[in-house]
$ cat run_33.cif   # mmCIF, C-alpha atoms
data_protein
loop_
_atom_site.group_PDB
_atom_site.id
_atom_site.type_symbol
_atom_site.label_atom_id
_atom_site.label_comp_id
_atom_site.auth_asym_id
_atom_site.auth_seq_id
_atom_site.Cartn_x
_atom_site.Cartn_y
_atom_site.Cartn_z
ATOM 1 C CA MET D 199 -10.361 -23.682 32.629
ATOM 2 C CA ALA D 200 -13.057 -24.772 30.128
ATOM 3 C CA CYS D 201 -12.370 -24.940 26.409
ATOM 4 C CA GLY D 202 -12.639 -21.465 24.873
ATOM 5 C CA GLU D 203 -12.213 -19.593 28.163
ATOM 6 C CA VAL D 204 -9.450 -17.056 28.564
ATOM 7 C CA GLY D 205 -7.793 -16.567 31.944
ATOM 8 C CA ASP D 206 -6.700 -13.436 33.787
ATOM 9 C CA PRO D 207 -3.820 -11.479 32.217
ATOM 10 C CA GLU D 208 -0.538 -13.230 32.893
ATOM 11 C CA ARG D 209 1.995 -11.190 30.892
ATOM 12 C CA HIS D 210 2.149 -7.835 29.155
ATOM 13 C CA LEU D 211 4.001 -8.220 25.849
ATOM 14 C CA PRO D 212 4.722 -5.831 22.975
ATOM 15 C CA CYS D 213 1.544 -7.153 21.268
ATOM 16 C CA GLY D 214 -0.505 -6.545 24.434
ATOM 17 C CA PRO D 215 -1.584 -8.612 27.435
ATOM 18 C CA VAL D 216 -1.719 -12.402 27.017
ATOM 19 C CA SER D 217 -3.519 -14.824 29.292
ATOM 20 C CA ALA D 218 -3.919 -18.552 29.713
ATOM 21 C CA GLY D 219 -6.096 -19.737 26.838
ATOM 22 C CA ASP D 220 -5.048 -17.011 24.369
ATOM 23 C CA ARG D 221 -4.181 -18.078 20.835
ATOM 24 C CA VAL D 222 -0.754 -16.730 19.796
ATOM 25 C CA MET D 223 1.669 -16.996 16.885
ATOM 26 C CA THR D 224 5.465 -16.942 16.851
ATOM 27 C CA LEU D 225 7.153 -14.466 14.537
ATOM 28 C CA ARG D 226 10.753 -15.693 14.543
ATOM 29 C CA ASN D 227 12.561 -18.984 14.072
ATOM 30 C CA ASP D 228 14.573 -20.232 17.047
ATOM 31 C CA ALA D 229 15.821 -23.811 16.651
ATOM 32 C CA GLY D 230 17.068 -23.886 20.250
ATOM 33 C CA LEU D 231 13.525 -23.290 21.491
ATOM 34 C CA GLY D 232 11.923 -25.552 18.874
ATOM 35 C CA VAL D 233 10.075 -22.570 17.409
ATOM 36 C CA GLN D 234 9.389 -21.753 13.768
ATOM 37 C CA ASN D 235 8.097 -18.485 12.336
ATOM 38 C CA GLY D 236 4.303 -18.690 11.994
ATOM 39 C CA MET D 237 3.842 -21.453 14.574
ATOM 40 C CA TRP D 238 0.445 -21.332 16.325
ATOM 41 C CA ALA D 239 0.213 -21.952 20.054
ATOM 42 C CA THR D 240 -2.101 -21.614 23.031
ATOM 43 C CA VAL D 241 -0.871 -19.896 26.197
ATOM 44 C CA LEU D 242 -0.819 -22.159 29.245
ATOM 45 C CA GLY D 243 0.550 -19.599 31.698
ATOM 46 C CA PRO D 244 3.715 -18.029 33.027
ATOM 47 C CA ALA D 245 7.079 -19.765 32.939
ATOM 48 C CA PRO D 246 10.075 -19.144 35.209
ATOM 49 C CA GLU D 247 12.018 -15.874 34.908
ATOM 50 C CA GLY D 248 9.335 -13.964 32.993
ATOM 51 C CA GLY D 249 8.797 -16.528 30.266
ATOM 52 C CA LEU D 250 5.592 -18.067 28.979
ATOM 53 C CA ARG D 251 4.485 -21.700 28.689
ATOM 54 C CA VAL D 252 2.600 -22.516 25.475
ATOM 55 C CA VAL D 253 1.248 -25.657 23.853
ATOM 56 C CA VAL D 254 1.736 -26.087 20.095
ATOM 57 C CA GLY D 255 0.234 -28.247 17.354
ATOM 58 C CA ALA D 256 0.393 -31.858 18.465
ATOM 59 C CA GLY D 257 0.433 -31.022 22.161
ATOM 60 C CA ALA D 258 4.103 -30.243 22.729
ATOM 61 C CA VAL D 259 4.653 -27.799 25.590
ATOM 62 C CA LEU D 260 7.299 -25.116 25.025
ATOM 63 C CA GLU D 261 8.704 -22.452 27.307
ATOM 64 C CA LEU D 262 9.358 -19.150 25.587
ATOM 65 C CA PRO D 263 11.933 -17.097 27.508
ATOM 66 C CA ALA D 264 11.443 -13.452 28.451
ATOM 67 C CA ASP D 265 13.983 -12.171 25.892
ATOM 68 C CA TYR D 266 12.094 -13.876 23.008
ATOM 69 C CA LEU D 267 8.827 -12.326 24.222
ATOM 70 C CA GLU D 268 10.229 -8.851 24.916
ATOM 71 C CA ALA D 269 11.812 -8.739 21.448
ATOM 72 C CA GLY D 270 8.281 -8.863 20.008
ATOM 73 C CA HIS D 271 8.528 -12.364 18.530
ATOM 74 C CA LEU D 272 5.070 -13.398 19.766
ATOM 75 C CA THR D 273 1.750 -11.893 18.685
ATOM 76 C CA TYR D 274 -1.942 -12.636 18.884
ATOM 77 C CA GLY D 275 -2.996 -15.543 16.691
ATOM 78 C CA TYR D 276 -6.688 -14.846 16.228
ATOM 79 C CA ALA D 277 -6.321 -13.245 12.799
ATOM 80 C CA ILE D 278 -3.556 -13.135 10.195
ATOM 81 C CA THR D 279 -2.920 -11.539 6.836
ATOM 82 C CA ALA D 280 -3.342 -13.426 3.577
ATOM 83 C CA HIS D 281 0.427 -13.190 3.102
ATOM 84 C CA LYS D 282 1.049 -14.955 6.406
ATOM 85 C CA ALA D 283 -1.565 -17.615 5.507
ATOM 86 C CA GLN D 284 0.195 -18.542 2.274
ATOM 87 C CA GLY D 285 0.710 -22.308 2.185
ATOM 88 C CA MET D 286 -1.509 -22.841 5.243
ATOM 89 C CA THR D 287 -4.612 -25.044 5.382
ATOM 90 C CA VAL D 288 -7.288 -24.438 8.023
ATOM 91 C CA GLU D 289 -10.847 -25.645 8.655
ATOM 92 C CA GLN D 290 -12.543 -22.277 8.078
ATOM 93 C CA THR D 291 -11.526 -18.820 6.940
ATOM 94 C CA PHE D 292 -13.139 -15.433 7.433
ATOM 95 C CA VAL D 293 -11.781 -13.053 4.814
ATOM 96 C CA LEU D 294 -12.169 -9.268 4.805
ATOM 97 C CA ALA D 295 -11.764 -7.858 1.291
ATOM 98 C CA SER D 296 -10.431 -4.319 1.225
ATOM 99 C CA GLU D 297 -8.946 -1.815 -1.188
ATOM 100 C CA GLY D 298 -5.950 -2.992 -3.188
ATOM 101 C CA ILE D 299 -6.775 -6.675 -3.493
ATOM 102 C CA ASP D 300 -6.070 -8.514 -6.723
ATOM 103 C CA ARG D 301 -6.229 -11.977 -8.303
ATOM 104 C CA GLN D 302 -3.131 -13.282 -6.497
ATOM 105 C CA TRP D 303 -4.281 -12.052 -3.079
ATOM 106 C CA GLY D 304 -7.746 -13.472 -3.729
ATOM 107 C CA TYR D 305 -6.372 -16.915 -4.547
ATOM 108 C CA THR D 306 -4.244 -16.983 -1.389
ATOM 109 C CA ALA D 307 -6.955 -15.671 0.918
ATOM 110 C CA LEU D 308 -9.868 -17.658 -0.492
ATOM 111 C CA SER D 309 -8.228 -21.060 -0.959
ATOM 112 C CA ARG D 310 -6.982 -21.828 2.577
ATOM 113 C CA ALA D 311 -10.049 -23.566 4.054
ATOM 114 C CA ARG D 312 -11.089 -27.209 3.986
ATOM 115 C CA SER D 313 -14.730 -26.775 4.952
ATOM 116 C CA GLY D 314 -15.792 -23.153 4.539
ATOM 117 C CA THR D 315 -14.780 -19.648 3.580
ATOM 118 C CA ARG D 316 -16.738 -16.518 4.460
ATOM 119 C CA LEU D 317 -15.959 -13.365 2.536
ATOM 120 C CA TYR D 318 -16.857 -9.999 4.026
ATOM 121 C CA LEU D 319 -17.165 -6.814 1.959
ATOM 122 C CA ALA D 320 -17.366 -3.213 3.092
ATOM 123 C CA GLY D 321 -20.429 -1.331 1.877
ATOM 124 C CA THR D 322 -21.714 2.195 2.165
ATOM 125 C CA HIS D 323 -23.649 3.268 5.181
ATOM 126 C CA PRO D 324 -25.626 6.531 4.993
ATOM 127 C CA ALA D 325 -24.757 7.497 8.563
ATOM 128 C CA LEU D 326 -21.006 7.445 7.880
ATOM 129 C CA GLY D 327 -20.924 10.307 5.382
ATOM 130 C CA ARG D 328 -17.251 9.741 4.573
ATOM 131 C CA ASP D 329 -14.959 7.496 2.520
ATOM 132 C CA ARG D 330 -13.061 5.910 5.403
ATOM 133 C CA ASP D 331 -13.980 5.014 8.948
ATOM 134 C CA ASP D 332 -11.908 5.971 11.992
ATOM 135 C CA VAL D 333 -9.638 2.934 11.671
ATOM 136 C CA GLY D 334 -8.964 3.297 7.944
ATOM 137 C CA GLY D 335 -11.575 0.927 6.504
ATOM 138 C CA ARG D 336 -12.748 1.656 2.963
ATOM 139 C CA HIS D 337 -16.425 1.969 2.189
ATOM 140 C CA VAL D 338 -17.534 1.217 -1.363
ATOM 141 C CA SER D 339 -19.024 4.225 -3.116
ATOM 142 C CA ALA D 340 -22.767 4.223 -3.701
ATOM 143 C CA ASP D 341 -22.276 4.230 -7.476
ATOM 144 C CA GLN D 342 -20.650 0.780 -7.426
ATOM 145 C CA ALA D 343 -22.162 -2.250 -5.720
ATOM 146 C CA PRO D 344 -19.785 -4.136 -3.393
ATOM 147 C CA VAL D 345 -19.972 -7.373 -5.386
ATOM 148 C CA ALA D 346 -19.204 -5.545 -8.662
ATOM 149 C CA ARG D 347 -16.219 -3.859 -7.000
ATOM 150 C CA LEU D 348 -14.980 -7.222 -5.719
ATOM 151 C CA ALA D 349 -15.271 -8.734 -9.206
ATOM 152 C CA ASP D 350 -13.250 -5.835 -10.659
ATOM 153 C CA ASP D 351 -10.579 -6.152 -7.971
ATOM 154 C CA LEU D 352 -10.229 -9.934 -8.335
ATOM 155 C CA ALA D 353 -9.941 -9.609 -12.132
ATOM 156 C CA ARG D 354 -6.846 -7.416 -11.722
ATOM 157 C CA ASP D 355 -3.586 -9.340 -12.256
ATOM 158 C CA ARG D 356 -0.641 -7.832 -10.432
ATOM 159 C CA SER D 357 1.808 -10.690 -10.786
ATOM 160 C CA GLN D 358 5.360 -9.493 -11.024
ATOM 161 C CA GLU D 359 7.087 -10.266 -14.232
ATOM 162 C CA VAL D 360 10.609 -11.563 -14.196
ATOM 163 C CA ALA D 361 13.174 -9.066 -15.483
ATOM 164 C CA LEU D 362 14.791 -11.750 -17.625
ATOM 165 C CA GLU D 363 11.508 -12.377 -19.438
ATOM 166 C CA ARG D 364 11.365 -8.688 -20.356
ATOM 167 C CA LEU D 365 14.992 -8.666 -21.496
ATOM 168 C CA LEU D 366 14.400 -11.717 -23.687
ATOM 169 C CA GLY D 367 11.460 -9.927 -25.281
ATOM 170 C CA ARG D 368 8.916 -12.601 -24.396
ATOM 171 C CA ASP D 369 6.400 -9.985 -23.259
ATOM 172 C CA PRO D 370 7.335 -6.460 -24.313
ATOM 173 C CA SER D 371 4.101 -4.893 -23.012
ATOM 174 C CA PRO D 372 4.175 -3.308 -19.552
ATOM 175 C CA PRO D 373 2.178 -4.967 -16.773
ATOM 176 C CA GLU D 374 -1.524 -4.034 -16.740
ATOM 177 C CA HIS D 375 -1.262 -2.125 -13.448
ATOM 178 C CA LEU D 376 1.408 0.179 -14.948
ATOM 179 C CA GLY D 377 -0.799 1.148 -17.873
ATOM 180 C CA ARG D 378 -0.392 0.395 -21.548
#
$ encode --input "run_33.cif" --output "structure tokens"
Amino acid sequence: MACGEVGDPERHLPCGPVSAGDRVMTLRNDAGLGVQNGMWATVLGPAPEGGLRVVVGAGAVLELPADYLEAGHLTYGYAITAHKAQGMTVEQTFVLASEGIDRQWGYTALSRARSGTRLYLAGTHPALGRDRDDVGGRHVSADQAPVARLADDLARDRSQEVALERLLGRDPSPPEHLGR
């Protein structure tokens, strides 16, 4: 199989069908299998007794047993949330900014790449005629340009304050997102 090709479906998992060549991510630690939560792998093909053979990071081949797979501990690894990417470094990122983002999310999502980050914004489209598309995406209203909305969202600080700080009176004002 050539680089980038995906083979015929090999296994149907809770996340959907996976084939040789698919990029996947583990969702649960299992020291006995040599697996850590968030580990990226490429599917090689089926393993004995309903398992799956994958290759990880530096080329190590692992066999994930059927019970690990059926429990939903493996998912597609083509896209992840900013929360899952925290602490990760990659070559490039493609970030979709949506409703509810803030300064902390922006830092995490936009600072993961070594060589390039592309940021995508939703904008209005006259043919849509509604606020949300069929899969829940938010479209920026016509009265606010997408870049202005992004600037407003990224200026919002939603960091959680420590209860002890409040008790000690170091910052008696409520957080900005709770109103003043």
$ closest_residue --input "run_33.cif" --among "D:Gly219, D:Gly236, D:Gly314, D:Gly270" --to "Val253 of chain D" --atoms "all atoms listed in the file"
D:Gly219
$ closest_residue --input "run_33.cif" --among "D:Arg312, D:Arg209, D:Arg221, D:Lys282" --to "Thr240 of chain D" --atoms "all atoms listed in the file"
D:Arg221
$ atom_distance --input "run_33.cif" --atom1 "atom CA of Val345 of chain D" --atom2 "atom CA of Gly275 of chain D"
29.0 Å
$ residues_around --input "run_33.cif" --residues "Tyr276 of chain D" --least-positions-apart "2" --cutoff "9 Å" --atoms "all atoms listed in the file" --output "mmCIF file with C-alpha atoms, in the coordinates of the input"
data_model
loop_
_atom_site.group_PDB
_atom_site.id
_atom_site.type_symbol
_atom_site.label_atom_id
_atom_site.label_comp_id
_atom_site.auth_asym_id
_atom_site.auth_seq_id
_atom_site.Cartn_x
_atom_site.Cartn_y
_atom_site.Cartn_z
ATOM 1 C CA ASP D 220 -5.048 -17.011 24.369
ATOM 2 C CA ARG D 221 -4.181 -18.078 20.835
ATOM 3 C CA VAL D 222 -0.754 -16.730 19.796
ATOM 4 C CA MET D 223 1.669 -16.996 16.885
ATOM 5 C CA TYR D 274 -1.942 -12.636 18.884
ATOM 6 C CA ILE D 278 -3.556 -13.135 10.195
#
$ closest_residue --input "run_33.cif" --among "D:Gly304, D:Leu231, D:Glu261, D:Leu317" --to "Pro344 of chain D" --atoms "all atoms listed in the file"
D:Leu317
$ closest_residue --input "run_33.cif" --among "D:His281, D:Arg347, D:Arg310, D:Arg316" --to "Leu294 of chain D" --atoms "all atoms listed in the file"
D:Arg316
$ residues_around --input "run_33.cif" --residues "segment 353-357 of chain D" --least-positions-apart "3" --cutoff "6 Å" --atoms "all atoms listed in the file" --output "ChimeraX atom specification"
/D:300-301,350
$ resolve_selection --input "run_33.cif" --expression "the PyMOL selection byres ((chain D and resi 225) around 8)" --output "list in words"
Met223, Thr224, Arg226, Asn227, Gln234, Asn235, Gly236, Met237, Gly270, His271, Leu272 and Thr273 of chain D
$ atom_distance --input "run_33.cif" --atom1 "atom CA of Arg251 of chain D" --atom2 "atom CA of Thr287 of chain D"
25.2 Å
$ atom_distance --input "run_33.cif" --atom1 "atom CA of Ser296 of chain D" --atom2 "atom CA of Ala311 of chain D"
19.5 Å
$ axis_aligned_box --input "run_33.cif" --around "segment 264-283 of chain D" --padding-each-side "4 Å" --output "AutoDock Vina command-line options"
--center_x 3.6 --center_y -13.2 --center_z 15.8 --size_x 28.7 --size_y 16.9 --size_z 33.3
$ closest_residue --input "run_33.cif" --among "D:Gly243, D:Gly249, D:Gly232, D:Gly257" --to "Ala218 of chain D" --atoms "all atoms listed in the file"
D:Gly243
$ resolve_selection --input "run_33.cif" --expression "the PyMOL selection byres ((chain D and resi 284) around 10)" --output "MDAnalysis selection string"
chainID D and resid 279:283 285:287 303 305:307 309:310
$ resolve_selection --input "run_33.cif" --expression "the PyMOL selection byres ((chain D and resi 264) around 8)" --output "list in words"
Glu247, Gly248, Gly249, Leu250, Leu262, Pro263, Asp265, Tyr266, Leu267 and Glu268 of chain D
$ write_last_selection --input "run_33.cif" --atoms "C-alpha atoms" --output "tab-separated table (two decimals), in the coordinates of the input"
chain	number	residue	atom	x	y	z
D	247	GLU	CA	12.02	-15.87	34.91
D	248	GLY	CA	9.34	-13.96	32.99
D	249	GLY	CA	8.80	-16.53	30.27
D	250	LEU	CA	5.59	-18.07	28.98
D	262	LEU	CA	9.36	-19.15	25.59
D	263	PRO	CA	11.93	-17.10	27.51
D	265	ASP	CA	13.98	-12.17	25.89
D	266	TYR	CA	12.09	-13.88	23.01
D	267	LEU	CA	8.83	-12.33	24.22
D	268	GLU	CA	10.23	-8.85	24.92
